[in-house]
$ cat protein.cif   # mmCIF, C-alpha atoms
data_query
loop_
_atom_site.label_atom_id
_atom_site.label_comp_id
_atom_site.auth_asym_id
_atom_site.auth_seq_id
_atom_site.Cartn_x
_atom_site.Cartn_y
_atom_site.Cartn_z
CA MET R 1 -30.89 76.12 -92.68
CA GLU R 2 -32.25 75.58 -89.16
CA LYS R 3 -29.78 74.33 -86.59
CA GLU R 4 -31.74 71.19 -85.68
CA LYS R 5 -32.15 70.20 -89.31
CA TRP R 6 -28.42 70.62 -89.99
CA LEU R 7 -27.48 68.69 -86.86
CA GLU R 8 -29.37 65.66 -88.16
CA HIS R 9 -26.40 65.18 -90.50
CA LEU R 10 -24.15 64.70 -87.48
CA ARG R 11 -26.42 63.06 -84.92
CA GLY R 12 -24.74 59.85 -83.79
CA ARG R 13 -21.73 60.49 -86.02
CA VAL R 14 -19.72 62.78 -83.71
CA PRO R 15 -19.54 62.91 -79.90
CA GLU R 16 -22.63 64.61 -78.47
CA ASN R 17 -20.58 67.36 -76.82
CA ALA R 18 -19.06 68.30 -80.19
CA MET R 19 -22.26 68.77 -82.18
CA SER R 20 -22.92 72.43 -81.36
CA TYR R 21 -19.30 73.30 -82.07
CA CYS R 22 -19.44 71.60 -85.47
CA PHE R 23 -22.58 73.57 -86.29
CA SER R 24 -20.91 76.82 -85.27
CA LEU R 25 -18.02 76.12 -87.69
CA TRP R 26 -20.52 75.63 -90.50
CA GLU R 27 -22.58 78.67 -89.46
CA GLU R 28 -19.54 80.96 -89.49
CA GLU R 29 -18.67 79.98 -93.06
CA PRO R 30 -21.25 77.66 -94.67
CA PHE R 31 -20.42 74.82 -97.05
CA VAL R 32 -22.23 71.95 -98.69
CA PHE R 33 -21.87 68.96 -96.38
CA GLU R 34 -22.23 65.43 -97.76
CA ILE R 35 -21.79 62.07 -96.07
CA THR R 36 -20.59 59.54 -98.63
CA LYS R 37 -19.99 55.85 -99.05
CA SER R 38 -16.71 54.40 -97.78
CA ARG R 39 -13.62 55.29 -99.79
CA SER R 40 -10.43 53.33 -99.26
CA SER R 41 -8.21 56.18 -100.46
CA LYS R 42 -9.52 58.88 -98.12
CA LEU R 43 -11.69 59.55 -95.08
CA GLY R 44 -12.91 62.96 -96.19
CA ASP R 45 -12.47 65.47 -98.95
CA PHE R 46 -12.46 69.19 -99.70
CA ARG R 47 -11.83 70.59 -103.14
CA TYR R 48 -11.90 74.31 -103.81
CA ARG R 49 -13.71 75.30 -106.99
CA LYS R 50 -13.50 78.87 -108.20
CA ASP R 51 -16.75 78.50 -110.14
CA LYS R 52 -18.69 77.68 -106.95
CA SER R 53 -19.74 80.28 -104.39
CA ILE R 54 -20.40 77.55 -101.80
CA GLN R 55 -17.74 74.89 -101.43
CA LYS R 56 -18.25 71.22 -100.57
CA ILE R 57 -16.95 68.89 -97.85
CA THR R 58 -17.53 65.14 -97.92
CA ILE R 59 -16.85 62.56 -95.19
CA ASN R 60 -17.13 58.76 -95.27
CA HIS R 61 -20.24 57.42 -93.56
CA ASP R 62 -18.57 54.54 -91.71
CA LEU R 63 -16.09 56.40 -89.47
CA ASN R 64 -16.35 56.05 -85.72
CA PRO R 65 -17.44 59.27 -83.93
CA TYR R 66 -13.93 60.35 -82.92
CA GLN R 67 -12.42 59.76 -86.37
CA PHE R 68 -15.42 61.48 -87.94
CA LEU R 69 -14.94 64.57 -85.77
CA ILE R 70 -11.21 64.79 -86.49
CA THR R 71 -11.88 64.40 -90.20
CA PHE R 72 -14.65 67.00 -90.13
CA ILE R 73 -12.40 69.61 -88.52
CA HIS R 74 -9.50 68.60 -90.82
CA GLU R 75 -11.66 69.41 -93.85
CA VAL R 76 -13.10 72.59 -92.35
CA ALA R 77 -9.51 73.76 -91.84
CA HIS R 78 -8.95 73.28 -95.59
CA HIS R 79 -12.10 75.26 -96.29
CA ARG R 80 -10.99 78.16 -94.12
CA VAL R 81 -7.48 78.27 -95.61
CA PHE R 82 -8.58 78.04 -99.22
CA SER R 83 -11.22 80.71 -98.68
CA LYS R 84 -8.70 83.06 -97.10
CA TYR R 85 -5.89 82.45 -99.58
CA LYS R 86 -7.85 81.56 -102.73
CA ASP R 87 -5.89 84.04 -104.82
CA ARG R 88 -2.63 82.34 -103.83
CA ILE R 89 -3.59 78.70 -104.28
CA GLY R 90 -0.79 76.94 -106.12
CA ASN R 91 1.55 79.85 -105.45
CA GLY R 92 3.12 79.16 -102.08
CA ILE R 93 0.00 77.80 -100.34
CA MET R 94 0.28 74.03 -100.01
CA PRO R 95 -2.72 71.78 -99.22
CA HIS R 96 -1.19 70.66 -95.91
CA GLY R 97 1.26 73.49 -95.44
CA VAL R 98 1.83 75.91 -92.57
CA GLU R 99 -1.47 77.73 -93.11
CA TRP R 100 -3.50 74.52 -92.91
CA LYS R 101 -1.59 73.25 -89.86
CA GLN R 102 -2.27 76.51 -88.01
CA SER R 103 -5.93 76.49 -88.97
CA PHE R 104 -6.37 72.83 -87.99
CA ARG R 105 -4.71 73.35 -84.60
CA TRP R 106 -6.80 76.46 -83.92
CA LEU R 107 -10.08 74.77 -84.83
CA MET R 108 -9.30 71.54 -82.97
CA ALA R 109 -8.13 73.21 -79.74
CA PRO R 110 -11.64 73.64 -78.18
CA MET R 111 -12.26 69.90 -78.64
CA LEU R 112 -9.10 68.60 -76.96
CA HIS R 113 -10.59 67.57 -73.62
CA GLU R 114 -12.14 64.48 -72.05
CA ARG R 115 -15.72 65.74 -72.48
CA VAL R 116 -15.26 65.02 -76.19
CA PHE R 117 -12.53 62.39 -76.58
CA PRO R 118 -11.76 59.40 -74.34
CA LYS R 119 -8.40 59.63 -72.64
CA ASP R 120 -6.81 56.84 -74.68
CA VAL R 121 -7.49 58.82 -77.87
CA LEU R 122 -6.89 62.24 -76.38
CA ILE R 123 -3.27 61.61 -75.36
CA PRO R 124 -1.93 60.64 -78.85
CA LEU R 125 -4.28 63.18 -80.48
CA ARG R 126 -2.73 66.04 -78.51
CA LEU R 127 0.73 64.87 -79.59
CA TYR R 128 -0.40 64.55 -83.21
CA MET R 129 -1.84 68.08 -83.19
CA GLY R 130 1.59 69.47 -82.31
CA ASN R 131 2.52 68.98 -85.97
CA PRO R 132 -0.46 67.44 -87.81
CA LYS R 133 0.19 65.46 -90.98
CA ALA R 134 -1.93 65.18 -94.11
CA SER R 135 -3.67 62.12 -92.66
CA THR R 136 -4.22 60.75 -89.17
CA GLY R 137 -3.11 57.48 -90.74
CA ALA R 138 0.43 58.83 -90.67
CA ASP R 139 0.38 58.60 -86.86
CA PHE R 140 0.53 54.94 -85.87
CA PHE R 141 -0.27 55.39 -82.19
CA LEU R 142 -3.24 57.70 -82.82
CA MET R 143 -4.70 55.35 -85.42
CA LYS R 144 -4.21 52.38 -83.12
CA GLU R 145 -6.28 54.06 -80.39
CA LEU R 146 -8.94 55.34 -82.80
CA ARG R 147 -9.28 51.86 -84.24
CA LYS R 148 -10.62 50.56 -80.91
CA TYR R 149 -13.84 52.45 -81.56
CA ASP R 150 -14.47 51.22 -85.10
CA LYS R 151 -17.75 49.41 -85.66
CA ASN R 152 -16.26 47.10 -88.27
CA ASP R 153 -15.55 43.75 -86.60
CA PHE R 154 -12.75 43.13 -89.14
CA THR R 155 -10.55 45.64 -87.33
CA PHE R 156 -10.78 43.68 -84.09
CA VAL R 157 -9.91 40.33 -85.64
CA HIS R 158 -6.86 41.33 -87.67
CA PRO R 159 -3.76 43.29 -86.57
CA LEU R 160 -2.14 46.40 -87.97
CA LEU R 161 1.00 45.82 -90.02
CA GLY R 162 2.95 47.92 -87.53
CA ASP R 163 2.11 45.43 -84.76
CA LEU R 164 3.57 42.42 -86.58
CA PRO R 165 7.14 41.31 -85.77
CA GLN R 166 9.89 41.66 -88.33
CA HIS R 167 9.91 38.89 -90.99
CA ALA R 168 6.26 38.01 -90.29
CA HIS R 169 4.18 36.90 -93.27
CA PHE R 170 0.81 38.53 -93.90
CA GLU R 171 -1.96 38.74 -96.45
CA LEU R 172 -3.21 42.05 -97.86
CA ARG R 173 -5.75 42.28 -100.68
CA LYS R 174 -5.25 38.60 -101.52
CA ARG R 175 -1.47 39.04 -101.89
CA VAL R 176 1.07 37.68 -99.43
CA PHE R 177 4.07 39.63 -98.15
CA LYS R 178 6.92 39.39 -95.69
CA LYS R 179 7.58 42.30 -93.37
CA VAL R 180 11.19 43.40 -93.86
CA ARG R 181 11.71 46.59 -91.84
CA THR R 182 9.90 49.72 -90.69
CA GLN R 183 10.77 53.03 -92.32
CA ARG R 184 9.04 55.83 -90.39
CA SER R 185 5.29 55.57 -91.09
CA ARG R 186 5.70 52.87 -93.75
CA VAL R 187 7.01 49.34 -93.80
CA LEU R 188 9.26 47.82 -96.44
CA CYS R 189 7.64 44.52 -97.44
CA GLN R 190 8.50 41.83 -99.96
CA GLU R 191 5.79 40.15 -101.97
CA ILE R 192 6.31 36.39 -101.70
CA SER R 193 5.17 35.42 -105.20
CA THR R 194 7.26 38.01 -107.10
CA GLY R 195 10.09 38.99 -104.75
CA ARG R 196 9.25 42.65 -105.37
CA ASN R 197 9.52 45.20 -102.57
CA TYR R 198 6.74 47.60 -101.59
CA LEU R 199 6.28 50.33 -98.99
CA ILE R 200 3.02 49.77 -97.11
CA SER R 201 1.50 51.93 -94.37
CA ASN R 202 2.10 50.51 -90.92
CA ASN R 203 -1.59 51.23 -90.25
CA ALA R 204 -2.74 48.74 -92.88
CA VAL R 205 -5.09 46.10 -91.45
CA VAL R 206 -3.63 42.73 -92.47
CA LYS R 207 -4.13 39.01 -91.95
CA GLU R 208 -1.11 37.26 -90.45
CA VAL R 209 -0.18 33.88 -91.93
CA ASP R 210 2.35 31.35 -90.67
CA GLY R 211 4.39 31.18 -93.85
CA PRO R 212 4.24 30.60 -97.62
CA GLY R 213 3.45 26.92 -97.13
CA ASP R 214 0.27 27.74 -95.20
CA ILE R 215 -1.13 30.25 -97.67
CA PRO R 216 -4.40 29.16 -99.33
CA PHE R 217 -4.43 29.42 -103.12
#

$ encode --input "protein.cif" --output "structure tokens"
Amino acid sequence: MEKEKWLEHLRGRVPENAMSYCFSLWEEEPFVFEITKSRSSKLGDFRYRKDKSIQKITINHDLNPYQFLITFIHEVAHHRVFSKYKDRIGNGIMPHGVEWKQSFRWLMAPMLHERVFPKDVLIPLRLYMGNPKASTGADFFLMKELRKYDKNDFTFVHPLLGDLPQHAHFELRKRVFKKVRTQRSRVLCQEISTGRNYLISNNAVVKEVDGPGDIPF
């Protein structure tokens, strides 16, 4: 595939200064690249299939350019690891294990400068890359900075759960909860109507309410 034709997939979706690098990653080890509809459970996806000679990477269409780039390289790192260790998959090679962390750090390193990422994203991103987790959502401070560049107006109107004070009441997916306490990257919350406790990501976008008496039913 010609370079310009392939780059049309990424034009406007990643920072301009990252486009050639993204193409070079694909050119070194090609894969099927698909931009998909929004998925609430994941930002991108790579699944190794032994019956396929060319593997597939998918990324949600509605990510801001910086989140899209991070997700793209995240998935390419999976592709590289699974290609290299395909005979050991499920036998000591974990999806987000040491091999993937090393690959992700190596592939991301050329992008960690202000010609690609704004400084407010770059600072927490560099810290996150020291020991990357399975999802950028696991890093509250990185997600908070990335969120500033989302196109969805909803993210600017409503806060993240991690920003609410303890004991605050909030609505999530038409259910109302009380924030009890933060436990690492998740928050212990109590559902008002049932009294049941749930662990919810502190990066969840929620709607704060004043209290049970002010909740619309």

$ resolve_selection --input "protein.cif" --expression "the PyMOL selection byres ((chain R and resi 108-110) around 10)" --output "PyMOL selection string"
chain R and resi 18+21+69-70+73-74+77+102-107+111-113+116+126+129

$ write_last_selection --input "protein.cif" --atoms "C-alpha atoms" --output "PDB file, in the frame of the given file"
ATOM      1  CA  ALA R  18     -19.060  68.300 -80.190  1.00  0.00           C
ATOM      2  CA  TYR R  21     -19.300  73.300 -82.070  1.00  0.00           C
ATOM      3  CA  LEU R  69     -14.940  64.570 -85.770  1.00  0.00           C
ATOM      4  CA  ILE R  70     -11.210  64.790 -86.490  1.00  0.00           C
ATOM      5  CA  ILE R  73     -12.400  69.610 -88.520  1.00  0.00           C
ATOM      6  CA  HIS R  74      -9.500  68.600 -90.820  1.00  0.00           C
ATOM      7  CA  ALA R  77      -9.510  73.760 -91.840  1.00  0.00           C
ATOM      8  CA  GLN R 102      -2.270  76.510 -88.010  1.00  0.00           C
ATOM      9  CA  SER R 103      -5.930  76.490 -88.970  1.00  0.00           C
ATOM     10  CA  PHE R 104      -6.370  72.830 -87.990  1.00  0.00           C
ATOM     11  CA  ARG R 105      -4.710  73.350 -84.600  1.00  0.00           C
ATOM     12  CA  TRP R 106      -6.800  76.460 -83.920  1.00  0.00           C
ATOM     13  CA  LEU R 107     -10.080  74.770 -84.830  1.00  0.00           C
ATOM     14  CA  MET R 111     -12.260  69.900 -78.640  1.00  0.00           C
ATOM     15  CA  LEU R 112      -9.100  68.600 -76.960  1.00  0.00           C
ATOM     16  CA  HIS R 113     -10.590  67.570 -73.620  1.00  0.00           C
ATOM     17  CA  VAL R 116     -15.260  65.020 -76.190  1.00  0.00           C
ATOM     18  CA  ARG R 126      -2.730  66.040 -78.510  1.00  0.00           C
ATOM     19  CA  MET R 129      -1.840  68.080 -83.190  1.00  0.00           C
TER      20      MET R 129
END

$ residues_near_point --input "protein.cif" --point "(6.2, 50.7, -94.5)" --cutoff "8 Å" --atoms "only C-alpha atoms" --output "ChimeraX atom specification"
/R:181-189,198-202

$ resolve_selection --input "protein.cif" --expression "the PyMOL selection byres ((chain R and resi 139) around 10)" --output "PDB file with C-alpha atoms, keeping the file's coordinate frame"
ATOM      1  CA  PRO R 124      -1.930  60.640 -78.850  1.00  0.00           C
ATOM      2  CA  LEU R 125      -4.280  63.180 -80.480  1.00  0.00           C
ATOM      3  CA  LEU R 127       0.730  64.870 -79.590  1.00  0.00           C
ATOM      4  CA  TYR R 128      -0.400  64.550 -83.210  1.00  0.00           C
ATOM      5  CA  PRO R 132      -0.460  67.440 -87.810  1.00  0.00           C
ATOM      6  CA  LYS R 133       0.190  65.460 -90.980  1.00  0.00           C
ATOM      7  CA  SER R 135      -3.670  62.120 -92.660  1.00  0.00           C
ATOM      8  CA  THR R 136      -4.220  60.750 -89.170  1.00  0.00           C
ATOM      9  CA  GLY R 137      -3.110  57.480 -90.740  1.00  0.00           C
ATOM     10  CA  ALA R 138       0.430  58.830 -90.670  1.00  0.00           C
ATOM     11  CA  PHE R 140       0.530  54.940 -85.870  1.00  0.00           C
ATOM     12  CA  PHE R 141      -0.270  55.390 -82.190  1.00  0.00           C
ATOM     13  CA  LEU R 142      -3.240  57.700 -82.820  1.00  0.00           C
ATOM     14  CA  MET R 143      -4.700  55.350 -85.420  1.00  0.00           C
ATOM     15  CA  LYS R 144      -4.210  52.380 -83.120  1.00  0.00           C
ATOM     16  CA  ARG R 184       9.040  55.830 -90.390  1.00  0.00           C
ATOM     17  CA  SER R 185       5.290  55.570 -91.090  1.00  0.00           C
ATOM     18  CA  ASN R 202       2.100  50.510 -90.920  1.00  0.00           C
ATOM     19  CA  ASN R 203      -1.590  51.230 -90.250  1.00  0.00           C
TER      20      ASN R 203
END

$ atom_distance --input "protein.cif" --atom1 "CA of Asn60 in chain R" --atom2 "CA of Leu43 in chain R"
5.5 Å

$ axis_aligned_box --input "protein.cif" --around "range 157-169 of chain R" --padding-each-side "8 Å" --output "AutoDock Vina command-line options"
--center_x 0.0 --center_y 42.4 --center_z -89.0 --size_x 35.8 --size_y 27.0 --size_z 24.5

$ atom_distance --input "protein.cif" --atom1 "CA of Val76 in chain R" --atom2 "CA of Leu25 in chain R"
7.6 Å

$ closest_residue --input "protein.cif" --among "R:Asp62, R:Glu2, R:Glu99, R:Glu16" --to "Ser83 in chain R" --atoms "only C-alpha atoms"
R:Glu99

$ atom_distance --input "protein.cif" --atom1 "CA of Lys52 in chain R" --atom2 "CA of His78 in chain R"
15.6 Å

$ closest_residue --input "protein.cif" --among "R:Cys22, R:Gly97, R:Tyr66, R:Tyr85" --to "Asp120 in chain R" --atoms "only C-alpha atoms"
R:Tyr66

$ closest_residue --input "protein.cif" --among "R:Gly44, R:Pro95, R:Pro159, R:Pro65" --to "Pro118 in chain R" --atoms "all atoms listed in the file"
R:Pro65

$ resolve_selection --input "protein.cif" --expression "the PyMOL selection byres ((chain R and resi 169) around 9)" --output "PDB file with C-alpha atoms, in the coordinates of the input"
ATOM      1  CA  LEU R 164       3.570  42.420 -86.580  1.00  0.00           C
ATOM      2  CA  GLN R 166       9.890  41.660 -88.330  1.00  0.00           C
ATOM      3  CA  HIS R 167       9.910  38.890 -90.990  1.00  0.00           C
ATOM      4  CA  ALA R 168       6.260  38.010 -90.290  1.00  0.00           C
ATOM      5  CA  PHE R 170       0.810  38.530 -93.900  1.00  0.00           C
ATOM      6  CA  GLU R 171      -1.960  38.740 -96.450  1.00  0.00           C
ATOM      7  CA  VAL R 176       1.070  37.680 -99.430  1.00  0.00           C
ATOM      8  CA  PHE R 177       4.070  39.630 -98.150  1.00  0.00           C
ATOM      9  CA  LYS R 178       6.920  39.390 -95.690  1.00  0.00           C
ATOM     10  CA  LYS R 179       7.580  42.300 -93.370  1.00  0.00           C
ATOM     11  CA  ILE R 192       6.310  36.390-101.700  1.00  0.00           C
ATOM     12  CA  LYS R 207      -4.130  39.010 -91.950  1.00  0.00           C
ATOM     13  CA  GLU R 208      -1.110  37.260 -90.450  1.00  0.00           C
ATOM     14  CA  VAL R 209      -0.180  33.880 -91.930  1.00  0.00           C
ATOM     15  CA  ASP R 210       2.350  31.350 -90.670  1.00  0.00           C
ATOM     16  CA  GLY R 211       4.390  31.180 -93.850  1.00  0.00           C
ATOM     17  CA  PRO R 212       4.240  30.600 -97.620  1.00  0.00           C
TER      18      PRO R 212
END

$ residues_around --input "protein.cif" --residues "Leu63 in chain R" --least-positions-apart "2" --cutoff "12 Å" --atoms "only C-alpha atoms" --output "count of residues only"
31

$ closest_residue --input "protein.cif" --among "R:Pro165, R:Arg115, R:His158, R:Val180" --to "Pro15 in chain R" --atoms "only C-alpha atoms"
R:Arg115

$ residues_around --input "protein.cif" --residues "Lys50 in chain R" --least-positions-apart "3" --cutoff "9 Å" --atoms "all atoms listed in the file" --output "number ranges by chain"
R: 53, 55, 86

$ closest_residue --input "protein.cif" --among "R:Lys84, R:Leu122, R:Ala134, R:Ser193" --to "Asp45 in chain R" --atoms "all atoms listed in the file"
R:Ala134

$ decode --input "protein.cif" --residues "range 175-186 of chain R" --atoms "all heavy atoms" --output "compact mmCIF listing (two decimals), in the first residue's frame"
# COMPACT_ATOMS: atom_id res chain seq x y z
N ARG R 175 -27.89 5.35 37.67
CA ARG R 175 -27.89 4.83 39.04
C ARG R 175 -27.13 5.83 39.91
O ARG R 175 -26.19 6.47 39.46
CB ARG R 175 -27.22 3.45 39.09
CG ARG R 175 -27.95 2.40 38.26
CD ARG R 175 -27.07 1.22 37.95
NE ARG R 175 -26.73 0.44 39.14
CZ ARG R 175 -25.89 -0.59 39.13
NH1 ARG R 175 -25.29 -0.95 38.02
NH2 ARG R 175 -25.66 -1.25 40.25
N VAL R 176 -27.56 5.94 41.15
CA VAL R 176 -26.98 6.95 42.05
C VAL R 176 -26.16 6.28 43.14
O VAL R 176 -26.58 5.28 43.75
CB VAL R 176 -28.09 7.83 42.67
CG1 VAL R 176 -27.49 8.86 43.62
CG2 VAL R 176 -28.87 8.51 41.57
N PHE R 177 -24.99 6.83 43.39
CA PHE R 177 -24.04 6.26 44.34
C PHE R 177 -23.52 7.33 45.29
O PHE R 177 -23.62 8.54 45.02
CB PHE R 177 -22.83 5.66 43.60
CG PHE R 177 -23.15 4.58 42.63
CD1 PHE R 177 -23.53 4.88 41.32
CD2 PHE R 177 -23.08 3.24 42.99
CE1 PHE R 177 -23.81 3.89 40.41
CE2 PHE R 177 -23.36 2.24 42.09
CZ PHE R 177 -23.73 2.57 40.80
N LYS R 178 -22.92 6.85 46.38
CA LYS R 178 -22.18 7.72 47.29
C LYS R 178 -20.72 7.28 47.26
O LYS R 178 -20.42 6.09 47.36
CB LYS R 178 -22.73 7.61 48.72
CG LYS R 178 -21.96 8.49 49.72
CD LYS R 178 -22.59 8.45 51.10
CE LYS R 178 -22.35 7.13 51.79
NZ LYS R 178 -22.81 7.14 53.19
N LYS R 179 -19.83 8.25 47.13
CA LYS R 179 -18.41 7.95 47.14
C LYS R 179 -17.96 7.67 48.57
O LYS R 179 -18.12 8.53 49.44
CB LYS R 179 -17.62 9.12 46.54
CG LYS R 179 -16.12 8.90 46.51
CD LYS R 179 -15.42 10.08 45.82
CE LYS R 179 -13.91 9.88 45.79
NZ LYS R 179 -13.23 11.00 45.10
N VAL R 180 -17.40 6.49 48.81
CA VAL R 180 -17.00 6.11 50.16
C VAL R 180 -15.51 6.38 50.38
O VAL R 180 -15.13 7.17 51.22
CB VAL R 180 -17.33 4.62 50.43
CG1 VAL R 180 -16.89 4.23 51.85
CG2 VAL R 180 -18.84 4.38 50.25
N ARG R 181 -14.65 5.72 49.63
CA ARG R 181 -13.21 5.97 49.77
C ARG R 181 -12.48 5.47 48.53
O ARG R 181 -12.92 4.56 47.84
CB ARG R 181 -12.65 5.28 51.02
CG ARG R 181 -12.71 3.76 51.02
CD ARG R 181 -12.02 3.17 52.24
NE ARG R 181 -12.12 1.71 52.27
CZ ARG R 181 -13.13 1.05 52.78
NH1 ARG R 181 -14.15 1.71 53.34
NH2 ARG R 181 -13.15 -0.27 52.77
N THR R 182 -11.32 6.07 48.29
CA THR R 182 -10.49 5.71 47.13
C THR R 182 -9.57 4.56 47.50
O THR R 182 -8.95 4.55 48.57
CB THR R 182 -9.67 6.92 46.67
OG1 THR R 182 -10.55 7.98 46.31
CG2 THR R 182 -8.79 6.56 45.48
N GLN R 183 -9.50 3.58 46.61
CA GLN R 183 -8.61 2.43 46.78
C GLN R 183 -7.77 2.30 45.52
O GLN R 183 -8.18 1.66 44.55
CB GLN R 183 -9.43 1.16 47.03
CG GLN R 183 -10.28 1.23 48.28
CD GLN R 183 -11.07 -0.04 48.55
OE1 GLN R 183 -11.89 -0.09 49.46
NE2 GLN R 183 -10.83 -1.08 47.75
N ARG R 184 -6.59 2.92 45.54
CA ARG R 184 -5.70 2.96 44.38
C ARG R 184 -6.40 3.59 43.19
O ARG R 184 -6.83 4.73 43.26
CB ARG R 184 -5.17 1.55 44.08
CG ARG R 184 -4.29 0.98 45.19
CD ARG R 184 -3.67 -0.34 44.80
NE ARG R 184 -2.82 -0.85 45.86
CZ ARG R 184 -2.12 -1.98 45.79
NH1 ARG R 184 -2.18 -2.72 44.68
NH2 ARG R 184 -1.37 -2.37 46.80
N SER R 185 -6.56 2.84 42.09
CA SER R 185 -7.14 3.42 40.88
C SER R 185 -8.66 3.31 40.85
O SER R 185 -9.30 3.76 39.92
CB SER R 185 -6.56 2.73 39.64
OG SER R 185 -6.92 1.36 39.61
N ARG R 186 -9.25 2.71 41.89
CA ARG R 186 -10.70 2.56 41.95
C ARG R 186 -11.26 3.19 43.22
O ARG R 186 -10.53 3.46 44.16
CB ARG R 186 -11.10 1.08 41.86
CG ARG R 186 -10.74 0.47 40.50
CD ARG R 186 -11.25 -0.95 40.37
NE ARG R 186 -10.95 -1.48 39.05
CZ ARG R 186 -11.73 -1.33 37.99
NH1 ARG R 186 -12.86 -0.66 38.10
NH2 ARG R 186 -11.41 -1.83 36.82
